[in-house]
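Have a look at the structure below before the remarks.
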Amino acid sequence: MGVRRRSGTFLLQVNPILCDGFGHCAELAPELVTTDEWGYPIIVNEPVPLANAAAYESARYAERGCPRQALHIQRFSEKKPR
Amino acid sequence: MIAPNTLPRLMHGASDRPLSLSQHESTFGSSPLSTSLLEELEASGLTGRGGAGFPTAQKARLIREQRGHSKFMVVNAMEGEPASHKDQALLSANPHLVLDGAEYLASIIGANNIAICVARDNPTVVNHLERALHERSRRSLRGPRLELHTPPWRYVAGEESALIHWLDDNESLPQYRPRRPHILRIGHSPALVDNAETCANVGLIGRYGAAWYRGLGTPENPGTTLVSVTGAVDRPTVIEVELGTTLRSILRTAGADPDPLAILLGGYGGTWLHAKHLDTPYNNAALKNLGVATGAGVIVVVPQGACGVVETQRVVRWMANESARQCGPCAFGLPSLAEDLTHIAHASRDADTAYHRLLERCGVIEGRGACRHPDGVIRFIRTAIEAFAADFDTHRRGAACAGSRATRHYASVPSLEREDELVWE
């Protein structure tokens, strides 16, 4: 797991071209991802603080568990907010 | 040299045949490539004419600062918008002005390749360009290599990342770009993509300088632009106007219906504007307050008595068919938006339900595609709901308005390949 950072934020992002709507991310990270009527993910738009360890954990699960490897986690340090 | 503050600039010396290289040089003067081209371009305040309206100098500087021995300059004359004819008109009048501009931009960024992209479905323009390139190659072989590329015509094939994808890998599909600005690359070489009209403007700025260029237009949006006017007009035309002319005088010049119901600005990914705003100047600075933009320079005039719902539905149905089917929200979302609009247009029993579902789906789909194709369709629908509020109300009450039974339509769309099914697979 490495060093756990408490400052900064992260954002789960999906590559919509790779995504085929398997829906694993909505199962693995229900606090971040919901699905639309066609089964494609709708991901929380605002950066989530890294201090929210549970959300970060499930984002990592979703990233690992995506069958199309379409998800990635974008991390932002606190000095440069979006 | 063209006198300052006179109007035909881009279409100067236009006749029924494109100007040959010698005619071009006697009309516009030979091209003195000044060393301060990028400064002139920055001082001129030229914005891109392909739809986004991004400052050209800023984009060129971004690519200039990239490292790499080989770079590409790509001229985008794909003209995906069915209602737009400006690139065709420009390349059929002054092809060498566009090529000059492309050479100036290539020298700014240090490109050794220029790719000119025209849809292969338009053989007239392909012929004109082949002839122009032949004339140039006979004159001198120095400078960057000019190449003509002819991708197949599709709505999204003219999107810049799809065009680069075609040049790179022969697939006209948009690419995923999570971070902006994104440097598009052909192989490993950075590429600058500019619209053909933008290149023609650069061709003028490189010759006559920024001060001359600012002689027409407003301080925020200097220069002139080409506008394709279709719909309720005597005959569809491409006219060159000064940026800042009012919409009403543009319509008068084009011979359009003087008292329309609404106009479509910017193309099929663009925005509807109600006719009460017709005295607004035609430039992005003034139109931004109304939430609209000039886009790709398209104006479609819809007269009184036509049904805005039916016009919108036909365009959205075609746009849904033109999706590249890469992203789920676009591939499935746009056909369902078109289906909702069909329910409203037929004023069936569930028209009101379909209306609310349409608004909800617009919010869900927005911003979730790899390119801006779905966002453009949603902007189109939202502004249609504003501009044609009366028509939408009538249809939601279950009574189709009189205009929706008319057989004449104003926003023309190419025929669908498969009318009955919109979704692949």
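How things are named: the first chain in the structure tokens is A, the next is B, and so on; residues count from 1 in each chain; ligands count from 1 in the order shown.
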>> Near chain A, meaning an atom within 9 Å, which residues of chain B appear when counting only C-alpha atoms? Write them as a ChimeraX atom specification.
In response: /B:175-178,325-329,332-333,364-365,368-370
Deliver the residues from the most recent selection as a file, using C-alpha atoms, as a PDB file, in the first residue's frame.
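File written: result-v3.pdb
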```pdb
ATOM      1  CA  GLN B 175      -9.445   9.927 -29.331  1.00  0.00           C
ATOM      2  CA  TYR B 176      -9.718  10.072 -25.553  1.00  0.00           C
ATOM      3  CA  ARG B 177      -7.992  13.173 -24.212  1.00  0.00           C
ATOM      4  CA  PRO B 178      -8.331  13.357 -20.436  1.00  0.00           C
ATOM      5  CA  ARG B 325     -20.364   4.527 -31.448  1.00  0.00           C
ATOM      6  CA  GLN B 326     -17.229   4.554 -29.353  1.00  0.00           C
ATOM      7  CA  CYS B 327     -18.631   5.806 -26.062  1.00  0.00           C
ATOM      8  CA  GLY B 328     -21.719   4.309 -24.477  1.00  0.00           C
ATOM      9  CA  PRO B 329     -23.387   7.571 -23.424  1.00  0.00           C
ATOM     10  CA  PHE B 332     -27.014   4.777 -26.715  1.00  0.00           C
ATOM     11  CA  GLY B 333     -27.875   8.210 -25.384  1.00  0.00           C
ATOM     12  CA  VAL B 364     -27.064  12.561 -17.675  1.00  0.00           C
ATOM     13  CA  ILE B 365     -25.259  12.404 -21.038  1.00  0.00           C
ATOM     14  CA  ARG B 368     -19.399  11.949 -20.836  1.00  0.00           C
ATOM     15  CA  GLY B 369     -18.120  11.344 -24.345  1.00  0.00           C
ATOM     16  CA  ALA B 370     -14.509  11.296 -25.503  1.00  0.00           C
TER      17      ALA B 370
END
```
*Per DSSP on the backbone, what are the helix (DSSP H, G or I) residues of region 216-399 of chain B, as number ranges by chain?*
B: 247-254, 275-277, 284-290, 308-321, 328-346, 351-365, 373-387, 389-396
Just want the 6 Å neighbourhood of region 307-316 of chain B, counted on only C-alpha atoms, with same-chain residues fewer than 5 positions away dropped. Output as number ranges by chain. B: 338, 341, 345, 388, 403-404
Report task. Using backbone DSSP assignments, extract all strand (DSSP E or B) residues from region 37-258 of chain B; output them as a count of residues only. Result -> 47
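Taking CA of Phe10 (chain A) as the reference point, CA of Val48 (chain A) is found at 5.4 Å.
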